[in-house]
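Enquirer: Contents of entry09.pdb (PDB, C-alpha atoms, pLDDT in the B column) are given next:
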```
MODEL        1
ATOM      1  CA  MET A   1      98.248 111.038 124.936  1.00 68.00           C
ATOM      2  CA  SER A   2     101.160 110.777 122.549  1.00 86.00           C
ATOM      3  CA  GLY A   3     100.671 108.820 119.379  1.00 93.00           C
ATOM      4  CA  LEU A   4      98.831 108.694 116.090  1.00 96.00           C
ATOM      5  CA  TYR A   5      95.082 109.015 115.777  1.00 97.00           C
ATOM      6  CA  THR A   6      93.138 108.575 112.570  1.00 97.00           C
ATOM      7  CA  ARG A   7      89.585 108.304 111.321  1.00 97.00           C
ATOM      8  CA  HIS A   8      88.033 108.144 107.855  1.00 97.00           C
ATOM      9  CA  SER A   9      86.021 111.148 106.670  1.00 97.00           C
ATOM     10  CA  ASP A  10      83.339 110.477 104.084  1.00 97.00           C
ATOM     11  CA  TYR A  11      83.198 114.222 103.365  1.00 97.00           C
ATOM     12  CA  LEU A  12      86.913 114.430 102.572  1.00 98.00           C
ATOM     13  CA  ASP A  13      87.097 110.893 101.149  1.00 97.00           C
ATOM     14  CA  ARG A  14      90.350 110.579 103.090  1.00 97.00           C
ATOM     15  CA  TYR A  15      91.536 109.790 106.556  1.00 98.00           C
ATOM     16  CA  VAL A  16      92.287 112.600 108.975  1.00 98.00           C
ATOM     17  CA  GLN A  17      95.425 111.685 110.891  1.00 97.00           C
ATOM     18  CA  LEU A  18      96.770 113.495 113.950  1.00 97.00           C
ATOM     19  CA  GLY A  19     100.197 113.156 115.503  1.00 97.00           C
ATOM     20  CA  LEU A  20     100.511 114.117 119.158  1.00 96.00           C
ATOM     21  CA  ALA A  21     103.499 114.455 121.433  1.00 96.00           C
ATOM     22  CA  GLY A  22     102.214 114.616 124.970  1.00 92.00           C
ATOM     23  CA  ASP A  23      99.353 117.115 124.931  1.00 91.00           C
ATOM     24  CA  ARG A  24     100.650 118.968 121.852  1.00 96.00           C
ATOM     25  CA  LEU A  25      99.492 118.492 118.291  1.00 97.00           C
ATOM     26  CA  ILE A  26     102.510 118.094 116.013  1.00 98.00           C
ATOM     27  CA  SER A  27     100.998 116.933 112.708  1.00 97.00           C
ATOM     28  CA  VAL A  28      97.780 116.810 110.714  1.00 98.00           C
ATOM     29  CA  SER A  29      97.641 114.846 107.479  1.00 97.00           C
ATOM     30  CA  PHE A  30      95.098 113.367 105.109  1.00 98.00           C
ATOM     31  CA  PRO A  31      96.316 109.906 104.046  1.00 97.00           C
ATOM     32  CA  THR A  32      94.367 107.613 101.746  1.00 96.00           C
ATOM     33  CA  ALA A  33      94.991 104.669 104.100  1.00 95.00           C
ATOM     34  CA  PRO A  34      95.221 104.644 107.892  1.00 90.00           C
ATOM     35  CA  ASP A  35      98.466 104.096 109.750  1.00 89.00           C
ATOM     36  CA  GLU A  36      98.406 100.601 111.258  1.00 89.00           C
ATOM     37  CA  ASP A  37      99.466 101.935 114.664  1.00 90.00           C
ATOM     38  CA  ALA A  38      96.824 104.665 114.825  1.00 92.00           C
ATOM     39  CA  ASN A  39      93.913 104.767 117.234  1.00 92.00           C
ATOM     40  CA  ASP A  40      90.559 106.224 116.164  1.00 93.00           C
ATOM     41  CA  ASP A  41      89.489 107.599 119.551  1.00 94.00           C
ATOM     42  CA  HIS A  42      90.577 111.133 120.424  1.00 94.00           C
ATOM     43  CA  ASP A  43      88.663 114.251 121.504  1.00 95.00           C
ATOM     44  CA  LEU A  44      90.319 116.368 118.813  1.00 96.00           C
ATOM     45  CA  LEU A  45      89.182 113.932 116.117  1.00 97.00           C
ATOM     46  CA  ASP A  46      85.655 114.328 117.498  1.00 97.00           C
ATOM     47  CA  ARG A  47      85.957 118.122 117.172  1.00 97.00           C
ATOM     48  CA  ILE A  48      87.389 117.925 113.663  1.00 98.00           C
ATOM     49  CA  PHE A  49      84.576 115.634 112.556  1.00 98.00           C
ATOM     50  CA  ALA A  50      81.981 117.999 114.047  1.00 98.00           C
ATOM     51  CA  TYR A  51      83.677 120.815 112.083  1.00 98.00           C
ATOM     52  CA  LEU A  52      83.500 118.704 108.913  1.00 98.00           C
ATOM     53  CA  GLU A  53      79.759 118.360 109.567  1.00 97.00           C
ATOM     54  CA  GLY A  54      79.344 122.154 109.713  1.00 95.00           C
ATOM     55  CA  VAL A  55      80.001 123.051 113.366  1.00 96.00           C
ATOM     56  CA  GLU A  56      82.058 126.269 113.471  1.00 95.00           C
ATOM     57  CA  ASP A  57      85.370 125.796 115.275  1.00 95.00           C
ATOM     58  CA  ASP A  58      88.544 127.840 115.038  1.00 92.00           C
ATOM     59  CA  PHE A  59      90.746 125.327 116.930  1.00 96.00           C
ATOM     60  CA  ARG A  60      92.680 128.246 118.479  1.00 95.00           C
ATOM     61  CA  ASP A  61      92.750 126.569 121.896  1.00 96.00           C
ATOM     62  CA  ILE A  62      94.607 123.500 120.624  1.00 97.00           C
ATOM     63  CA  GLU A  63      98.120 123.275 122.050  1.00 96.00           C
ATOM     64  CA  THR A  64     100.585 122.859 119.201  1.00 96.00           C
ATOM     65  CA  GLY A  65     104.187 121.760 119.063  1.00 95.00           C
ATOM     66  CA  LEU A  66     105.426 123.590 115.989  1.00 94.00           C
ATOM     67  CA  THR A  67     108.998 122.843 114.997  1.00 93.00           C
ATOM     68  CA  VAL A  68     109.392 125.335 112.173  1.00 96.00           C
ATOM     69  CA  PRO A  69     111.661 128.332 111.564  1.00 95.00           C
ATOM     70  CA  THR A  70     110.743 131.481 113.519  1.00 95.00           C
ATOM     71  CA  THR A  71     109.486 133.371 110.462  1.00 96.00           C
ATOM     72  CA  HIS A  72     107.226 130.455 109.542  1.00 97.00           C
ATOM     73  CA  ARG A  73     105.972 130.260 113.136  1.00 97.00           C
ATOM     74  CA  ASN A  74     105.116 133.969 113.008  1.00 97.00           C
ATOM     75  CA  VAL A  75     103.161 133.484 109.763  1.00 98.00           C
ATOM     76  CA  LEU A  76     101.322 130.411 111.057  1.00 98.00           C
ATOM     77  CA  GLU A  77     100.439 132.153 114.332  1.00 97.00           C
ATOM     78  CA  GLN A  78      98.773 134.900 112.284  1.00 98.00           C
ATOM     79  CA  VAL A  79      96.926 132.301 110.181  1.00 98.00           C
ATOM     80  CA  ARG A  80      95.482 130.841 113.404  1.00 97.00           C
ATOM     81  CA  GLU A  81      93.849 134.228 114.030  1.00 96.00           C
ATOM     82  CA  ILE A  82      91.850 134.244 110.769  1.00 97.00           C
ATOM     83  CA  PRO A  83      88.252 133.663 111.872  1.00 96.00           C
ATOM     84  CA  TYR A  84      86.083 130.852 110.566  1.00 96.00           C
ATOM     85  CA  GLY A  85      84.519 131.906 107.260  1.00 95.00           C
ATOM     86  CA  ASP A  86      87.010 134.731 106.640  1.00 97.00           C
ATOM     87  CA  GLN A  87      90.001 134.815 104.332  1.00 97.00           C
ATOM     88  CA  LEU A  88      93.098 136.904 103.739  1.00 97.00           C
ATOM     89  CA  SER A  89      95.468 137.337 100.840  1.00 98.00           C
ATOM     90  CA  VAL A  90      99.156 136.455 101.055  1.00 98.00           C
ATOM     91  CA  GLU A  91      99.901 140.200 100.968  1.00 98.00           C
ATOM     92  CA  ALA A  92      97.512 140.937 103.855  1.00 98.00           C
ATOM     93  CA  LEU A  93      99.021 138.064 105.838  1.00 98.00           C
ATOM     94  CA  ALA A  94     102.521 139.460 105.274  1.00 98.00           C
ATOM     95  CA  ARG A  95     101.284 142.878 106.411  1.00 97.00           C
ATOM     96  CA  ILE A  96     100.131 141.554 109.814  1.00 97.00           C
ATOM     97  CA  THR A  97     103.088 139.223 110.380  1.00 97.00           C
ATOM     98  CA  PRO A  98     105.889 140.706 112.494  1.00 95.00           C
ATOM     99  CA  ASP A  99     109.106 141.519 110.609  1.00 95.00           C
ATOM    100  CA  LEU A 100     107.607 140.944 107.144  1.00 97.00           C
ATOM    101  CA  ASP A 101     107.038 143.581 104.467  1.00 97.00           C
ATOM    102  CA  PRO A 102     104.186 142.967 102.006  1.00 96.00           C
ATOM    103  CA  ASP A 103     106.053 145.036  99.408  1.00 97.00           C
ATOM    104  CA  GLU A 104     109.099 142.766  99.558  1.00 97.00           C
ATOM    105  CA  PRO A 105     108.834 139.795  97.121  1.00 97.00           C
ATOM    106  CA  SER A 106     111.111 137.622  99.263  1.00 97.00           C
ATOM    107  CA  ASP A 107     108.818 138.163 102.266  1.00 97.00           C
ATOM    108  CA  LEU A 108     105.785 137.133 100.212  1.00 98.00           C
ATOM    109  CA  ASP A 109     107.718 134.015  99.184  1.00 97.00           C
ATOM    110  CA  GLU A 110     108.414 133.365 102.875  1.00 97.00           C
ATOM    111  CA  VAL A 111     104.667 133.506 103.596  1.00 98.00           C
ATOM    112  CA  ARG A 112     103.934 131.082 100.753  1.00 98.00           C
ATOM    113  CA  THR A 113     106.635 128.685 101.966  1.00 98.00           C
ATOM    114  CA  ALA A 114     105.279 128.773 105.527  1.00 98.00           C
ATOM    115  CA  LEU A 115     101.792 127.943 104.223  1.00 98.00           C
ATOM    116  CA  ALA A 116     103.004 125.141 101.957  1.00 98.00           C
ATOM    117  CA  GLU A 117     105.000 123.574 104.811  1.00 98.00           C
ATOM    118  CA  ASN A 118     102.317 124.031 107.490  1.00 98.00           C
ATOM    119  CA  PRO A 119     102.475 120.842 109.594  1.00 98.00           C
ATOM    120  CA  LEU A 120      98.932 121.394 110.926  1.00 98.00           C
ATOM    121  CA  PRO A 121      96.582 122.168 108.009  1.00 98.00           C
ATOM    122  CA  LEU A 122      92.944 122.545 109.048  1.00 97.00           C
ATOM    123  CA  VAL A 123      93.926 123.320 112.674  1.00 98.00           C
ATOM    124  CA  ILE A 124      96.153 126.132 111.383  1.00 98.00           C
ATOM    125  CA  PRO A 125      93.685 127.040 108.627  1.00 98.00           C
ATOM    126  CA  ASP A 126      95.903 127.780 105.627  1.00 98.00           C
ATOM    127  CA  HIS A 127      92.822 127.181 103.454  1.00 98.00           C
ATOM    128  CA  ARG A 128      91.703 130.667 104.605  1.00 98.00           C
ATOM    129  CA  VAL A 129      94.545 132.301 102.662  1.00 98.00           C
ATOM    130  CA  ARG A 130      92.888 132.699  99.282  1.00 95.00           C
ATOM    131  CA  ASP A 131      95.921 133.119  97.020  1.00 96.00           C
ATOM    132  CA  GLY A 132      98.446 131.029  98.899  1.00 96.00           C
ATOM    133  CA  PRO A 133      99.286 127.342  98.875  1.00 97.00           C
ATOM    134  CA  SER A 134      97.906 124.938 101.434  1.00 97.00           C
ATOM    135  CA  ALA A 135      99.781 122.062 102.995  1.00 98.00           C
ATOM    136  CA  ALA A 136      96.626 119.977 102.524  1.00 98.00           C
ATOM    137  CA  PRO A 137      96.104 118.207  99.207  1.00 97.00           C
ATOM    138  CA  PRO A 138      94.267 120.482  96.725  1.00 97.00           C
ATOM    139  CA  GLU A 139      91.031 118.474  96.872  1.00 97.00           C
ATOM    140  CA  ILE A 140      91.019 118.709 100.684  1.00 98.00           C
ATOM    141  CA  GLU A 141      91.749 122.444 100.593  1.00 97.00           C
ATOM    142  CA  GLN A 142      88.805 122.990  98.231  1.00 97.00           C
ATOM    143  CA  LYS A 143      86.441 120.995 100.459  1.00 97.00           C
ATOM    144  CA  LEU A 144      87.538 122.987 103.519  1.00 97.00           C
ATOM    145  CA  ARG A 145      87.026 126.239 101.617  1.00 97.00           C
ATOM    146  CA  ALA A 146      83.581 125.057 100.461  1.00 97.00           C
ATOM    147  CA  LEU A 147      82.661 124.098 104.031  1.00 96.00           C
ATOM    148  CA  GLU A 148      83.328 127.690 105.151  1.00 97.00           C
ATOM    149  CA  ASP A 149      81.820 129.286 101.997  1.00 96.00           C
ATOM    150  CA  LEU A 150      85.166 130.795 100.985  1.00 95.00           C
TER     151      LEU A 150
ENDMDL
END
```
Starting from the coordinates I provided, produce the structure as structure tokens.

Expert:
Amino acid sequence: MSGLYTRHSDYLDRYVQLGLAGDRLISVSFPTAPDEDANDDHDLLDRIFAYLEGVEDDFRDIETGLTVPTTHRNVLEQVREIPYGDQLSVEALARITPDLDPDEPSDLDEVRTALAENPLPLVIPDHRVRDGPSAAPPEIEQKLRALEDL
């Protein structure tokens, strides 16, 4: 099911747009207008919209196709493990990420860069890192945090 899929969210006041390559999710974005080539019918969109209506979902089972540097992949894999309704600090995230030292400023910068460049915000829930950037627009990040009472 390769392609683009999009649907408007009243809660977010934006579209949620998914990019898939085969059965792997490769992008999540929040455009203000839909892509003309996008379809609005996809099971993952249904799950995301249920989540936006308050259904807990951690999206851990979603197959992803991350094309990011190894260190970023390691950070984002740890972010996927943060449970719904929980949050970590950048320092705590660095502590649990292989090969990173939370006492090393450059490693903390690496964590922040991985979060800011996350190609799959919401599905890889960077909004659960309380003092780090999100790849989602700030107003979307705040709504996701509010949804999970963070």

Enquirer: Name the closest residue to Leu120 of chain A among the candidates A:Asp103, A:Glu139, A:Glu77, A:Glu91; distances are taken between atoms, counting all atoms listed in the file.

Expert: A:Glu77

Enquirer: Measure the distance from atom CA of Pro83 of chain A to atom CA of Leu115 of chain A in Å and round it to one decimal.

Expert: 16.6 Å

Enquirer: For the interface of segment 82-128 of chain A with segment 48-57 of chain A (cut-off 9 Å, counting only C-alpha atoms), please tabulate each contacting residue of segment 82-128 of chain A alongside its nearest pair of atoms and their separation in Å to one decimal, rows sorted by chain and increasing number, as a Markdown table.

Expert:
```
| residue | atom | partner | partner_atom | distance |
| --- | --- | --- | --- | --- |
| A:Tyr84 | CA | A:Glu56 | CA | 6.8 |
| A:Gly85 | CA | A:Glu56 | CA | 8.7 |
| A:Leu122 | CA | A:Ile48 | CA | 8.6 |
| A:Val123 | CA | A:Ile48 | CA | 8.5 |
```

Enquirer: On this structure, the PyMOL selection byres ((chain A and resi 65) around 8) would catch which residues? List them as a PyMOL selection string, sorted by chain and number.

Expert: chain A and resi 21+24-26+63-64+66-67

Enquirer: Applying 7 Å and all atoms listed in the file, which residues near Pro125 of chain A remain after dropping the ones on its own chain fewer than 3 positions away? List them as a list in words.

Expert: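 Final neighbour list, sorted by chain and number: Val79, Arg80, Pro121, Leu122 and Arg128 of chain A.
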
Enquirer: In Å, how far is it from atom CA of Ser9 of chain A to atom CA of Asp46 of chain A?

Expert: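 Spanning atom CA of Ser9 of chain A to atom CA of Asp46 of chain A is a straight-line distance of 11.3 Å.
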
Enquirer: List, as a ChimeraX atom specification, every residue that the PyMOL selection byres ((chain A and resi 94) around 10) selects in the file provided.

Expert: /A:74-75,78,88-93,95-104,107-112

Enquirer: Between atom CA of Arg73 of chain A and atom CA of Ser106 of chain A, what is the spacing in Å?

Expert: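 These atoms are spaced 16.5 Å apart.
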
Enquirer: Nearest residue to Asp149 of chain A out of A:Leu4, A:Arg60, A:Arg130, A:Val16, using all atoms listed in the file?

Expert: A:Arg130

Enquirer: I need the output of the PyMOL selection byres ((chain A and resi 14) around 12) for this file as a PyMOL selection string; which residues are they?

Expert: chain A and resi 6-13+15-17+29-34+136-137+139-140+143

Enquirer: Find, counting only C-alpha atoms, the residue in A:Ala114, A:Asp41, A:Ile124, A:Gly132 that gets nearest to Thr70 of chain A.

Expert: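 For Thr70 of chain A, the nearest of the given residues is A:Ala114.
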
Enquirer: Counting all atoms listed in the file, which residue out of A:Val68, A:Phe59, A:Pro138, A:Leu20 sits closest to Asn118 of chain A?

Expert: A:Val68

Enquirer: Would you mind telling me which residue in A:Pro133, A:Gly3, A:Pro105, A:Pro119 lies nearest to Gly22 of chain A when using all atoms listed in the file?

Expert: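 Between A:Pro133, A:Gly3, A:Pro105, A:Pro119, the residue approaching Gly22 of chain A most closely is A:Gly3.
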
Enquirer: Between A:Ala135, A:Asn39, A:His127, A:Thr113, which one has atoms that come closest to Thr71 of chain A, using all atoms listed in the file?

Expert: A:Thr113
